[in-house]
$ cat model.txt   # compact mmCIF, C-alpha atoms and all ligand atoms
# COMPACT_ATOMS: atom_id res chain seq x y z
CA MET A 9 -34.16 23.34 97.74
CA LYS A 10 -37.23 23.96 99.86
CA ARG A 11 -40.32 21.76 99.51
CA SER A 12 -43.71 21.91 101.27
CA ILE A 13 -44.25 18.60 103.02
CA VAL A 14 -47.75 17.54 104.04
CA ALA A 15 -47.43 16.99 107.79
CA GLY A 16 -51.08 16.44 108.77
CA CYS A 17 -54.68 16.21 107.54
CA GLY A 18 -58.06 16.81 109.19
CA ALA A 19 -61.72 16.87 108.23
CA TYR A 20 -65.10 17.87 109.54
CA LEU A 21 -68.58 17.09 108.25
CA PRO A 22 -71.73 18.50 109.87
CA GLU A 23 -73.84 15.93 111.71
CA ARG A 24 -77.01 16.28 109.68
CA VAL A 25 -77.21 13.95 106.66
CA VAL A 26 -79.76 14.64 103.94
CA THR A 27 -80.52 11.72 101.61
CA ASN A 28 -81.75 11.93 98.03
CA ASP A 29 -85.08 10.54 99.19
CA GLU A 30 -85.46 13.39 101.66
CA LEU A 31 -84.89 15.90 98.85
CA ALA A 32 -87.36 14.00 96.64
CA SER A 33 -90.00 14.49 99.34
CA ARG A 34 -89.60 18.29 98.94
CA ILE A 35 -88.89 18.94 95.23
CA ASP A 36 -89.52 17.24 91.89
CA THR A 37 -86.51 14.89 91.82
CA SER A 38 -85.72 11.25 92.64
CA ASP A 39 -82.97 9.15 94.19
CA GLU A 40 -82.72 7.38 90.82
CA TRP A 41 -82.09 10.59 88.83
CA ILE A 42 -79.56 12.00 91.31
CA SER A 43 -77.59 8.79 91.81
CA GLN A 44 -77.56 7.82 88.11
CA ARG A 45 -76.56 11.28 86.83
CA THR A 46 -74.13 12.25 89.59
CA GLY A 47 -73.29 9.27 91.85
CA ILE A 48 -74.47 11.33 94.86
CA ARG A 49 -76.49 9.44 97.51
CA GLN A 50 -76.41 11.92 100.40
CA ARG A 51 -74.85 15.17 101.63
CA HIS A 52 -74.07 16.77 105.02
CA ILE A 53 -75.78 20.06 105.86
CA ALA A 54 -74.59 22.56 108.50
CA ALA A 55 -76.83 23.26 111.49
CA ASP A 56 -78.50 26.67 111.89
CA GLY A 57 -75.86 29.08 113.13
CA GLN A 58 -72.95 26.83 112.14
CA LEU A 59 -70.64 28.97 109.99
CA THR A 60 -67.79 28.29 107.59
CA SER A 61 -65.32 29.31 110.33
CA ASP A 62 -66.85 26.70 112.70
CA LEU A 63 -66.43 23.94 110.12
CA ALA A 64 -62.93 25.15 109.25
CA LEU A 65 -61.79 25.17 112.89
CA ALA A 66 -63.25 21.69 113.43
CA ALA A 67 -61.13 20.42 110.50
CA ALA A 68 -58.04 22.45 111.43
CA ARG A 69 -57.72 21.11 114.97
CA PRO A 70 -57.30 17.40 114.03
CA ALA A 71 -54.98 18.41 111.15
CA LEU A 72 -52.72 20.29 113.60
CA ALA A 73 -52.84 17.41 116.10
CA HIS A 74 -51.90 14.98 113.29
CA ALA A 75 -48.95 17.20 112.37
CA GLY A 76 -47.96 17.72 116.01
CA ILE A 77 -48.03 21.52 115.59
CA ASP A 78 -49.63 24.02 117.96
CA GLY A 79 -51.94 26.45 116.12
CA ALA A 80 -50.23 29.37 117.88
CA GLU A 81 -46.98 28.49 116.08
CA LEU A 82 -48.34 28.61 112.53
CA ASP A 83 -46.76 31.18 110.18
CA LEU A 84 -49.57 31.09 107.63
CA ILE A 85 -53.29 30.26 107.40
CA VAL A 86 -54.95 30.19 103.98
CA LEU A 87 -58.65 29.48 103.74
CA ALA A 88 -60.26 28.58 100.43
CA THR A 89 -63.94 29.41 100.53
CA ALA A 90 -66.74 30.90 98.44
CA THR A 91 -68.93 31.19 101.54
CA PRO A 92 -67.01 33.43 103.98
CA ASP A 93 -68.66 34.34 107.31
CA ASN A 94 -68.69 38.04 106.41
CA THR A 95 -67.74 40.09 103.35
CA PHE A 96 -64.71 41.15 105.39
CA PRO A 97 -62.47 40.60 107.21
CA ALA A 98 -61.12 37.36 105.80
CA THR A 99 -62.65 34.36 107.57
CA ALA A 100 -59.08 33.04 107.88
CA THR A 101 -58.42 35.73 110.50
CA LYS A 102 -61.30 34.40 112.61
CA ILE A 103 -59.77 30.93 112.34
CA GLN A 104 -56.41 32.41 113.32
CA ALA A 105 -57.96 33.88 116.48
CA GLY A 106 -59.76 30.59 117.18
CA LEU A 107 -56.41 28.80 117.10
CA GLY A 108 -54.81 31.30 119.48
CA ASN A 109 -52.42 32.55 116.80
CA ARG A 110 -51.40 36.22 116.86
CA THR A 111 -48.17 36.20 114.90
CA GLY A 112 -48.91 34.50 111.57
CA THR A 113 -50.51 35.74 108.35
CA ALA A 114 -54.08 34.77 107.50
CA PHE A 115 -56.08 35.38 104.32
CA ASP A 116 -58.85 33.88 102.17
CA VAL A 117 -58.62 32.66 98.60
CA GLN A 118 -61.68 32.59 96.34
CA ALA A 119 -61.60 30.21 93.38
CA VAL A 120 -64.79 28.27 94.23
CA CYS A 121 -64.32 24.54 93.55
CA SER A 122 -60.66 25.03 92.56
CA GLY A 123 -60.08 27.05 95.73
CA PHE A 124 -58.13 24.40 97.61
CA ILE A 125 -55.61 23.97 94.77
CA TYR A 126 -55.25 27.76 94.57
CA ALA A 127 -54.76 28.05 98.36
CA LEU A 128 -52.27 25.17 98.33
CA ALA A 129 -50.30 26.91 95.57
CA MET A 130 -50.21 30.22 97.52
CA ALA A 131 -48.97 28.45 100.65
CA ASP A 132 -46.48 26.30 98.73
CA ASN A 133 -44.99 29.35 97.01
CA MET A 134 -44.59 31.20 100.32
CA LEU A 135 -42.96 28.18 101.97
CA ARG A 136 -40.58 27.71 99.06
CA LEU A 137 -39.57 31.38 99.25
CA GLY A 138 -38.93 31.09 102.97
CA GLN A 139 -41.72 33.55 103.84
CA ALA A 140 -43.27 30.91 106.12
CA GLY A 141 -42.08 27.69 107.74
CA THR A 142 -45.47 26.14 108.57
CA ALA A 143 -48.85 26.65 106.93
CA LEU A 144 -52.43 25.56 107.46
CA VAL A 145 -54.43 25.27 104.23
CA ILE A 146 -58.17 24.80 104.60
CA GLY A 147 -61.08 24.31 102.23
CA ALA A 148 -64.40 25.02 103.99
CA GLU A 149 -67.88 25.76 102.71
CA VAL A 150 -71.51 26.07 103.73
CA PHE A 151 -72.87 25.94 100.19
CA SER A 152 -76.30 25.05 101.60
CA ARG A 153 -76.70 28.79 102.41
CA ILE A 154 -76.29 29.89 98.78
CA LEU A 155 -78.49 27.23 97.19
CA ASP A 156 -81.94 27.88 95.78
CA TRP A 157 -83.68 24.91 97.41
CA GLN A 158 -86.44 25.10 94.78
CA ASP A 159 -83.97 24.72 91.89
CA ARG A 160 -83.56 20.97 91.39
CA THR A 161 -80.81 21.47 88.80
CA THR A 162 -78.42 22.77 91.49
CA CYS A 163 -79.64 22.08 95.04
CA VAL A 164 -79.23 18.28 94.81
CA LEU A 165 -75.55 18.59 93.90
CA PHE A 166 -73.92 20.32 96.86
CA GLY A 167 -73.13 19.77 100.54
CA ASP A 168 -71.28 21.40 103.45
CA GLY A 169 -67.93 20.40 104.97
CA ALA A 170 -64.31 21.29 105.63
CA GLY A 171 -60.90 19.72 105.18
CA ALA A 172 -57.46 20.95 106.20
CA VAL A 173 -53.81 20.13 105.61
CA VAL A 174 -50.73 21.32 107.49
CA LEU A 175 -47.61 22.02 105.43
CA ARG A 176 -44.10 22.19 106.79
CA ALA A 177 -41.11 23.49 104.82
CA GLY A 178 -38.49 20.79 104.36
CA ASP A 179 -35.24 20.60 102.46
CA GLY A 180 -34.54 18.18 99.65
CA GLU A 181 -32.56 17.83 96.45
CA GLY A 182 -35.59 18.75 94.37
CA THR A 183 -36.02 15.39 92.59
CA ASN A 184 -39.44 13.89 91.93
CA ARG A 185 -38.65 11.24 94.59
CA ASP A 186 -38.23 13.82 97.39
CA ARG A 187 -41.21 14.32 99.69
CA GLY A 188 -43.41 17.37 99.29
CA ILE A 189 -45.40 19.32 96.73
CA LEU A 190 -43.58 18.83 93.41
CA SER A 191 -45.50 21.55 91.58
CA THR A 192 -48.81 23.38 91.32
CA HIS A 193 -50.51 24.58 88.12
CA LEU A 194 -53.27 27.20 88.08
CA HIS A 195 -55.53 28.39 85.25
CA SER A 196 -58.59 30.54 84.73
CA ASP A 197 -60.73 31.76 81.86
CA GLY A 198 -63.14 34.49 82.87
CA THR A 199 -65.12 34.35 79.62
CA ASN A 200 -67.07 31.57 81.36
CA TYR A 201 -68.00 33.79 84.34
CA ASP A 202 -71.74 33.32 83.71
CA ALA A 203 -71.65 29.51 83.38
CA LEU A 204 -71.40 29.02 87.15
CA TYR A 205 -72.01 31.94 89.50
CA VAL A 206 -74.06 33.36 92.37
CA ASP A 207 -76.59 35.88 91.07
CA GLY A 208 -75.83 38.49 93.71
CA GLY A 209 -73.88 38.48 96.92
CA PRO A 210 -72.09 40.71 99.32
CA GLY A 211 -69.94 43.34 97.71
CA SER A 212 -70.48 45.62 94.78
CA THR A 213 -74.02 44.55 93.85
CA GLY A 214 -75.39 44.99 97.37
CA THR A 215 -77.68 41.98 96.92
CA SER A 216 -77.78 38.37 98.04
CA GLY A 217 -78.12 35.53 95.59
CA PHE A 218 -78.08 31.83 94.77
CA VAL A 219 -75.94 29.44 92.73
CA ARG A 220 -76.80 29.38 89.03
CA MET A 221 -75.15 26.89 86.69
CA ALA A 222 -75.10 25.87 83.06
CA GLY A 223 -74.48 22.27 84.14
CA ARG A 224 -73.72 20.75 80.74
CA GLU A 225 -71.17 23.44 79.86
CA VAL A 226 -69.40 22.97 83.20
CA TYR A 227 -69.45 19.20 82.68
CA LYS A 228 -67.94 19.42 79.18
CA GLN A 229 -65.09 21.64 80.35
CA ALA A 230 -64.44 19.70 83.56
CA VAL A 231 -63.81 16.38 81.80
CA VAL A 232 -61.20 18.04 79.57
CA ARG A 233 -59.53 20.52 81.94
CA MET A 234 -58.97 18.32 85.00
CA ALA A 235 -57.20 15.57 83.03
CA GLU A 236 -55.30 18.09 80.90
CA CYS A 237 -53.70 19.85 83.87
CA VAL A 238 -52.72 16.57 85.57
CA ASP A 239 -50.98 15.67 82.30
CA HIS A 240 -49.12 19.00 82.29
CA SER A 241 -47.97 18.50 85.87
CA LEU A 242 -46.73 14.97 85.15
CA GLN A 243 -44.86 16.12 82.04
CA GLY A 244 -43.33 19.02 83.96
CA ASN A 245 -41.92 16.62 86.55
CA GLY A 246 -40.74 13.91 84.14
CA LEU A 247 -43.42 11.46 85.33
CA GLN A 248 -45.90 9.17 83.58
CA HIS A 249 -49.52 8.19 84.23
CA ARG A 250 -48.37 4.87 85.63
CA ASP A 251 -46.30 6.68 88.31
CA VAL A 252 -49.46 8.08 89.96
CA ASP A 253 -50.48 6.10 93.05
CA TRP A 254 -53.61 8.14 93.80
CA LEU A 255 -55.74 10.60 91.90
CA VAL A 256 -57.69 12.92 94.21
CA PRO A 257 -60.03 14.89 91.94
CA HIS A 258 -62.58 17.54 92.86
CA GLN A 259 -65.81 15.72 93.67
CA ALA A 260 -68.70 17.20 91.68
CA ASN A 261 -70.03 14.23 89.74
CA LEU A 262 -68.95 10.57 89.63
CA ARG A 263 -69.25 10.60 85.82
CA ILE A 264 -66.74 13.49 85.59
CA ILE A 265 -64.38 11.60 87.92
CA GLU A 266 -64.68 8.36 85.88
CA SER A 267 -64.08 10.18 82.64
CA THR A 268 -61.01 11.95 84.10
CA SER A 269 -59.55 8.65 85.36
CA LYS A 270 -60.10 7.10 81.91
CA LYS A 271 -58.35 9.99 80.14
CA LEU A 272 -55.41 9.59 82.51
CA ASP A 273 -55.29 5.80 82.08
CA LEU A 274 -55.77 5.33 85.80
CA PRO A 275 -58.09 2.57 87.04
CA MET A 276 -60.84 3.71 89.44
CA GLU A 277 -59.05 1.67 92.16
CA LYS A 278 -56.47 4.48 92.20
CA VAL A 279 -59.05 7.25 92.55
CA ILE A 280 -60.33 8.58 95.88
CA VAL A 281 -64.12 9.04 95.73
CA THR A 282 -66.26 10.75 98.36
CA VAL A 283 -68.94 12.38 96.17
CA ASP A 284 -71.39 9.53 96.88
CA ARG A 285 -71.49 10.37 100.60
CA GLN A 286 -70.59 14.06 100.68
CA ALA A 287 -71.77 15.53 97.33
CA ASN A 288 -69.92 18.61 96.06
CA THR A 289 -68.53 20.62 98.97
CA SER A 290 -66.72 22.99 96.58
CA ALA A 291 -63.29 24.00 97.98
CA ALA A 292 -63.55 21.33 100.69
CA THR A 293 -63.80 18.21 98.48
CA ILE A 294 -60.07 17.61 97.97
CA PRO A 295 -58.88 18.09 101.58
CA LEU A 296 -61.86 16.02 102.79
CA ALA A 297 -60.89 13.21 100.40
CA LEU A 298 -57.21 13.46 101.42
CA ALA A 299 -58.09 13.28 105.12
CA GLU A 300 -60.22 10.18 104.57
CA ALA A 301 -57.61 8.35 102.47
CA VAL A 302 -54.78 9.21 104.88
CA ALA A 303 -56.82 8.13 107.92
CA ASP A 304 -57.61 4.71 106.39
CA ASN A 305 -54.00 4.24 105.20
CA ARG A 306 -54.68 4.23 101.48
CA ILE A 307 -52.37 7.23 101.01
CA VAL A 308 -49.00 6.55 102.66
CA GLU A 309 -45.56 8.15 102.69
CA GLY A 310 -43.60 7.98 99.45
CA GLN A 311 -46.62 7.71 97.14
CA LEU A 312 -47.33 10.09 94.25
CA VAL A 313 -50.68 11.86 94.70
CA ALA A 314 -52.23 13.95 91.91
CA LEU A 315 -54.83 16.58 92.84
CA THR A 316 -57.03 18.32 90.29
CA ALA A 317 -60.08 20.57 90.32
CA MET A 318 -62.24 22.78 88.12
CA GLY A 319 -64.88 25.30 89.11
CA GLY A 320 -66.56 28.67 88.66
CA GLY A 321 -64.67 31.37 86.79
CA PHE A 322 -63.84 29.03 85.14
CA THR A 323 -60.84 28.19 87.29
CA TRP A 324 -58.93 24.95 87.24
CA GLY A 325 -55.65 23.56 88.45
CA SER A 326 -53.58 20.63 89.64
CA ALA A 327 -50.92 19.77 92.17
CA LEU A 328 -48.53 16.83 92.34
CA VAL A 329 -47.48 15.71 95.80
CA ARG A 330 -44.87 13.14 96.83
CA TRP A 331 -46.53 12.13 100.11
O1 LIG B 1 -67.71 21.83 90.84
C1 LIG B 1 -68.06 22.31 89.62
C2 LIG B 1 -69.50 22.50 89.69
N1 LIG B 1 -70.39 21.65 89.04
C3 LIG B 1 -70.19 20.60 88.24
O2 LIG B 1 -69.13 20.15 87.95
C4 LIG B 1 -71.43 20.02 87.65
C5 LIG B 1 -71.24 19.70 86.20
N2 LIG B 1 -72.47 19.25 85.58
C6 LIG B 1 -73.08 18.10 85.91
O3 LIG B 1 -72.62 17.37 86.76
C7 LIG B 1 -74.29 17.69 85.12
O4 LIG B 1 -74.43 18.51 83.99
C8 LIG B 1 -75.61 17.75 85.96
C9 LIG B 1 -75.58 16.66 87.01
C10 LIG B 1 -75.72 19.11 86.62
C11 LIG B 1 -76.81 17.52 85.05
O5 LIG B 1 -76.71 16.27 84.40
P1 LIG B 1 -77.07 16.16 82.85
O6 LIG B 1 -76.96 14.74 82.50
O7 LIG B 1 -76.18 17.14 82.13
O8 LIG B 1 -78.60 16.59 82.83
P2 LIG B 1 -79.27 17.84 82.09
O9 LIG B 1 -78.91 19.12 82.75
O10 LIG B 1 -79.04 17.71 80.63
O11 LIG B 1 -80.81 17.55 82.38
C12 LIG B 1 -81.46 16.39 81.86
C13 LIG B 1 -82.88 16.41 82.35
C14 LIG B 1 -83.62 17.73 82.12
O12 LIG B 1 -84.95 17.43 81.77
P3 LIG B 1 -85.43 17.51 80.22
O13 LIG B 1 -85.17 18.93 79.82
O14 LIG B 1 -84.56 16.52 79.50
O15 LIG B 1 -86.88 17.12 80.32
C15 LIG B 1 -83.60 18.37 83.48
O16 LIG B 1 -84.70 19.26 83.68
O17 LIG B 1 -82.93 16.17 83.76
C16 LIG B 1 -83.73 17.17 84.39
N3 LIG B 1 -83.23 17.40 85.74
C17 LIG B 1 -83.63 16.72 86.81
N4 LIG B 1 -84.54 15.74 86.96
C18 LIG B 1 -84.72 15.24 88.19
C19 LIG B 1 -82.27 18.29 86.12
N5 LIG B 1 -82.07 18.19 87.45
C20 LIG B 1 -82.89 17.22 87.89
C21 LIG B 1 -83.12 16.66 89.16
N6 LIG B 1 -84.05 15.68 89.26
N7 LIG B 1 -82.47 17.06 90.27
$ encode --input "model.txt" --output "structure tokens"
Amino acid sequence: MKRSIVAGCGAYLPERVVTNDELASRIDTSDEWISQRTGIRQRHIAADGQLTSDLALAAARPALAHAGIDGAELDLIVLATATPDNTFPATATKIQAGLGNRTGTAFDVQAVCSGFIYALAMADNMLRLGQAGTALVIGAEVFSRILDWQDRTTCVLFGDGAGAVVLRAGDGEGTNRDRGILSTHLHSDGTNYDALYVDGGPGSTGTSGFVRMAGREVYKQAVVRMAECVDHSLQGNGLQHRDVDWLVPHQANLRIIESTSKKLDLPMEKVIVTVDRQANTSAATIPLALAEAVADNRIVEGQLVALTAMGGGFTWGSALVRW
């Protein structure tokens, strides 16, 4: 039975750090409000001219080096982003060219903050079917470009960044002890389209726009959905809460993360948190958190890692990985 094994991780954060105090010098907010309501203390912001593809490539290169794979050899590149360089072609094809790859398949996936889980599921399914042997899955965003910097209810929450993982198809017996992605679970409910959206944008409206969010509605759904789909994935694999070594949730708000860990009976010591330093980088939060926890040896081979996210659409999902 084929499984997608995580062979390498990489991350990139733009150099410029913007603190809550810096934002408070420009709009009617405070470090106290932002840190108490969200846990966010700072965020990274891309330099002028630095695009999603630049961030993605900067995360992809260390991920490939970690996996010991040359970019030219990749069979598949899937980029999760809500901030592509252009309306088309897919930004993933620019990354493909940047890596010197001319033989693989490259495409973008758009599920906003759940995008990385969606992209991981697409790649995992293709590897399991034998349509690809190696895959690069990236979450990369420059959300700073779609924020209304006068809207304090949204602009304080987001940041820019990119994270990447390399997957390699491996064979196993298919038990929950074998290395690799055990399962992925995707959901969406488009009746919530207007709760978190960009009010314009390239494509059919012919306009450009900014992020608009009914924050409380998103919050209420996030605390239920993220825990719920981790539960489903554990049940589907005959595993219990106590079997989880690490929970790597989407990083939007520390209170959402704490509530999710409580629902899953997991102490915060088993949860990877980056939201305090990076804010919400949408599709990039999970691969950024994975890269950090792998680099500092918290996540090691053999452990059970649960990923979960929820975002605009609404979309939500989970993945269980035997590292
Ligand atoms: O990745 C998925 C995307 N997003 C999320 O998951 C975000 C989910 N939602 C949230 O994290 C929270 O709902 C927020 C952090 C966005 C808001 O926290 P809240 O505790 O739900 O606050 P609220 O929206 O109910 O606002 C409370 C007050 C309001 O003032 P009044 O009406 O009570 O006088 C807001 O105007 O806080 C005010 N407020 C602010 N004050 C200072 C809203 N934003 C700010 C701000 N600084 N930046």
$ closest_residue --input "model.txt" --among "A:Ile77, A:Ile280, A:Val256, A:Ala291" --to "A:Val117" --atoms "only C-alpha atoms"
A:Ala291
$ closest_residue --input "model.txt" --among "A:Arg160, A:Arg330, A:Arg250, A:His193" --to "ligand LIG 1 (chain B)" --atoms "all atoms listed in the file"
A:Arg160
$ residues_near_ligand --input "model.txt" --ligand "ligand LIG 1 (chain B)" --cutoff "6 Å" --atoms "only C-alpha atoms and all ligand atoms" --output "number ranges by chain"
A: 37-38, 41-42, 45-46, 121, 160-161, 164, 223-224, 226-227, 260-261, 290, 319
$ atom_distance --input "model.txt" --atom1 "atom CA of A:Thr192" --atom2 "atom CA of A:Trp324"
11.0 Å
$ closest_residue --input "model.txt" --among "A:Gly320, A:Gly178, A:Gly147, A:Pro210" --to "A:Asp132" --atoms "only C-alpha atoms"
A:Gly178
$ closest_atom_pairs --input "model.txt" --of "stretch 202-309 of chain A" --to "stretch 11-19 of chain A" --cutoff "10 Å" --atoms "all atoms listed in the file" --output "tab-separated table"
residue	atom	partner	partner_atom	distance
A:Ala292	CA	A:Ala19	CA	8.9
A:Pro295	CA	A:Ala19	CA	7.3
A:Leu296	CA	A:Ala19	CA	5.5
A:Ala297	CA	A:Ala19	CA	8.7
A:Leu298	CA	A:Cys17	CA	7.2
A:Ala299	CA	A:Cys17	CA	5.1
A:Glu300	CA	A:Ala19	CA	7.8
A:Ala301	CA	A:Cys17	CA	9.8
A:Val302	CA	A:Cys17	CA	7.5
A:Ala303	CA	A:Cys17	CA	8.4
A:Glu309	CA	A:Val14	CA	9.7
$ write_last_selection --input "model.txt" --atoms "C-alpha atoms" --output "PDB file, in the coordinates of the input"
ATOM      1  CA  ALA A 292     -63.550  21.330 100.690  1.00  0.00           C
ATOM      2  CA  PRO A 295     -58.880  18.090 101.580  1.00  0.00           C
ATOM      3  CA  LEU A 296     -61.860  16.020 102.790  1.00  0.00           C
ATOM      4  CA  ALA A 297     -60.890  13.210 100.400  1.00  0.00           C
ATOM      5  CA  LEU A 298     -57.210  13.460 101.420  1.00  0.00           C
ATOM      6  CA  ALA A 299     -58.090  13.280 105.120  1.00  0.00           C
ATOM      7  CA  GLU A 300     -60.220  10.180 104.570  1.00  0.00           C
ATOM      8  CA  ALA A 301     -57.610   8.350 102.470  1.00  0.00           C
ATOM      9  CA  VAL A 302     -54.780   9.210 104.880  1.00  0.00           C
ATOM     10  CA  ALA A 303     -56.820   8.130 107.920  1.00  0.00           C
ATOM     11  CA  GLU A 309     -45.560   8.150 102.690  1.00  0.00           C
TER      12      GLU A 309
END
$ residues_near_point --input "model.txt" --point "(-68.3, 12.0, 99.3)" --cutoff "8 Å" --atoms "all atoms listed in the file" --output "list of chain:residue names"
A:Ile48, A:Arg51, A:Gln259, A:Val281, A:Thr282, A:Val283, A:Asp284, A:Arg285, A:Gln286, A:Ala287, A:Asn288, A:Thr293, A:Ala297
$ write_last_selection --input "model.txt" --atoms "C-alpha atoms" --output "PDB file, keeping the file's coordinate frame"
ATOM      1  CA  ILE A  48     -74.470  11.330  94.860  1.00  0.00           C
ATOM      2  CA  ARG A  51     -74.850  15.170 101.630  1.00  0.00           C
ATOM      3  CA  GLN A 259     -65.810  15.720  93.670  1.00  0.00           C
ATOM      4  CA  VAL A 281     -64.120   9.040  95.730  1.00  0.00           C
ATOM      5  CA  THR A 282     -66.260  10.750  98.360  1.00  0.00           C
ATOM      6  CA  VAL A 283     -68.940  12.380  96.170  1.00  0.00           C
ATOM      7  CA  ASP A 284     -71.390   9.530  96.880  1.00  0.00           C
ATOM      8  CA  ARG A 285     -71.490  10.370 100.600  1.00  0.00           C
ATOM      9  CA  GLN A 286     -70.590  14.060 100.680  1.00  0.00           C
ATOM     10  CA  ALA A 287     -71.770  15.530  97.330  1.00  0.00           C
ATOM     11  CA  ASN A 288     -69.920  18.610  96.060  1.00  0.00           C
ATOM     12  CA  THR A 293     -63.800  18.210  98.480  1.00  0.00           C
ATOM     13  CA  ALA A 297     -60.890  13.210 100.400  1.00  0.00           C
TER      14      ALA A 297
END
$ closest_residue --input "model.txt" --among "A:Thr268, A:Ser212, A:Thr111, A:Ser33" --to "A:Glu81" --atoms "all atoms listed in the file"
A:Thr111
$ closest_residue --input "model.txt" --among "A:Thr183, A:Gln229, A:Ser61, A:Gln248" --to "A:Ser196" --atoms "all atoms listed in the file"
A:Gln229
$ atom_distance --input "model.txt" --atom1 "atom CA of A:Asn109" --atom2 "atom CA of A:Gly79"
6.2 Å
$ atom_distance --input "model.txt" --atom1 "atom CA of A:Gly169" --atom2 "atom CA of A:Leu65"
11.1 Å
$ closest_residue --input "model.txt" --among "A:Ile85, A:Tyr201, A:Gly123, A:Asp29" --to "A:Ala105" --atoms "only C-alpha atoms"
A:Ile85
$ residues_near_point --input "model.txt" --point "(-57.4, 12.0, 91.4)" --cutoff "10 Å" --atoms "all atoms listed in the file" --output "PyMOL selection string"
chain A and resi 234-235+238+252-259+265-266+268-269+272+274+276+278-281+294+297+313-317+326
$ write_last_selection --input "model.txt" --atoms "C-alpha atoms" --output "PDB file, in the coordinates of the input"
ATOM      1  CA  MET A 234     -58.970  18.320  85.000  1.00  0.00           C
ATOM      2  CA  ALA A 235     -57.200  15.570  83.030  1.00  0.00           C
ATOM      3  CA  VAL A 238     -52.720  16.570  85.570  1.00  0.00           C
ATOM      4  CA  VAL A 252     -49.460   8.080  89.960  1.00  0.00           C
ATOM      5  CA  ASP A 253     -50.480   6.100  93.050  1.00  0.00           C
ATOM      6  CA  TRP A 254     -53.610   8.140  93.800  1.00  0.00           C
ATOM      7  CA  LEU A 255     -55.740  10.600  91.900  1.00  0.00           C
ATOM      8  CA  VAL A 256     -57.690  12.920  94.210  1.00  0.00           C
ATOM      9  CA  PRO A 257     -60.030  14.890  91.940  1.00  0.00           C
ATOM     10  CA  HIS A 258     -62.580  17.540  92.860  1.00  0.00           C
ATOM     11  CA  GLN A 259     -65.810  15.720  93.670  1.00  0.00           C
ATOM     12  CA  ILE A 265     -64.380  11.600  87.920  1.00  0.00           C
ATOM     13  CA  GLU A 266     -64.680   8.360  85.880  1.00  0.00           C
ATOM     14  CA  THR A 268     -61.010  11.950  84.100  1.00  0.00           C
ATOM     15  CA  SER A 269     -59.550   8.650  85.360  1.00  0.00           C
ATOM     16  CA  LEU A 272     -55.410   9.590  82.510  1.00  0.00           C
ATOM     17  CA  LEU A 274     -55.770   5.330  85.800  1.00  0.00           C
ATOM     18  CA  MET A 276     -60.840   3.710  89.440  1.00  0.00           C
ATOM     19  CA  LYS A 278     -56.470   4.480  92.200  1.00  0.00           C
ATOM     20  CA  VAL A 279     -59.050   7.250  92.550  1.00  0.00           C
ATOM     21  CA  ILE A 280     -60.330   8.580  95.880  1.00  0.00           C
ATOM     22  CA  VAL A 281     -64.120   9.040  95.730  1.00  0.00           C
ATOM     23  CA  ILE A 294     -60.070  17.610  97.970  1.00  0.00           C
ATOM     24  CA  ALA A 297     -60.890  13.210 100.400  1.00  0.00           C
ATOM     25  CA  VAL A 313     -50.680  11.860  94.700  1.00  0.00           C
ATOM     26  CA  ALA A 314     -52.230  13.950  91.910  1.00  0.00           C
ATOM     27  CA  LEU A 315     -54.830  16.580  92.840  1.00  0.00           C
ATOM     28  CA  THR A 316     -57.030  18.320  90.290  1.00  0.00           C
ATOM     29  CA  ALA A 317     -60.080  20.570  90.320  1.00  0.00           C
ATOM     30  CA  SER A 326     -53.580  20.630  89.640  1.00  0.00           C
TER      31      SER A 326
END
$ residues_around --input "model.txt" --residues "A:Ala55" --least-positions-apart "2" --cutoff "12 Å" --atoms "only C-alpha atoms" --output "number ranges by chain"
A: 21-26, 52-53, 57-60, 62-63, 150, 152-153, 168-169
$ residues_around --input "model.txt" --residues "A:Val86" --least-positions-apart "2" --cutoff "7 Å" --atoms "all atoms listed in the file" --output "list in words"
Leu84, Ala88, Ala100, Ala114, Phe115, Asp116, Val117, Ala127, Leu144, Val145 and Ile146 of chain A
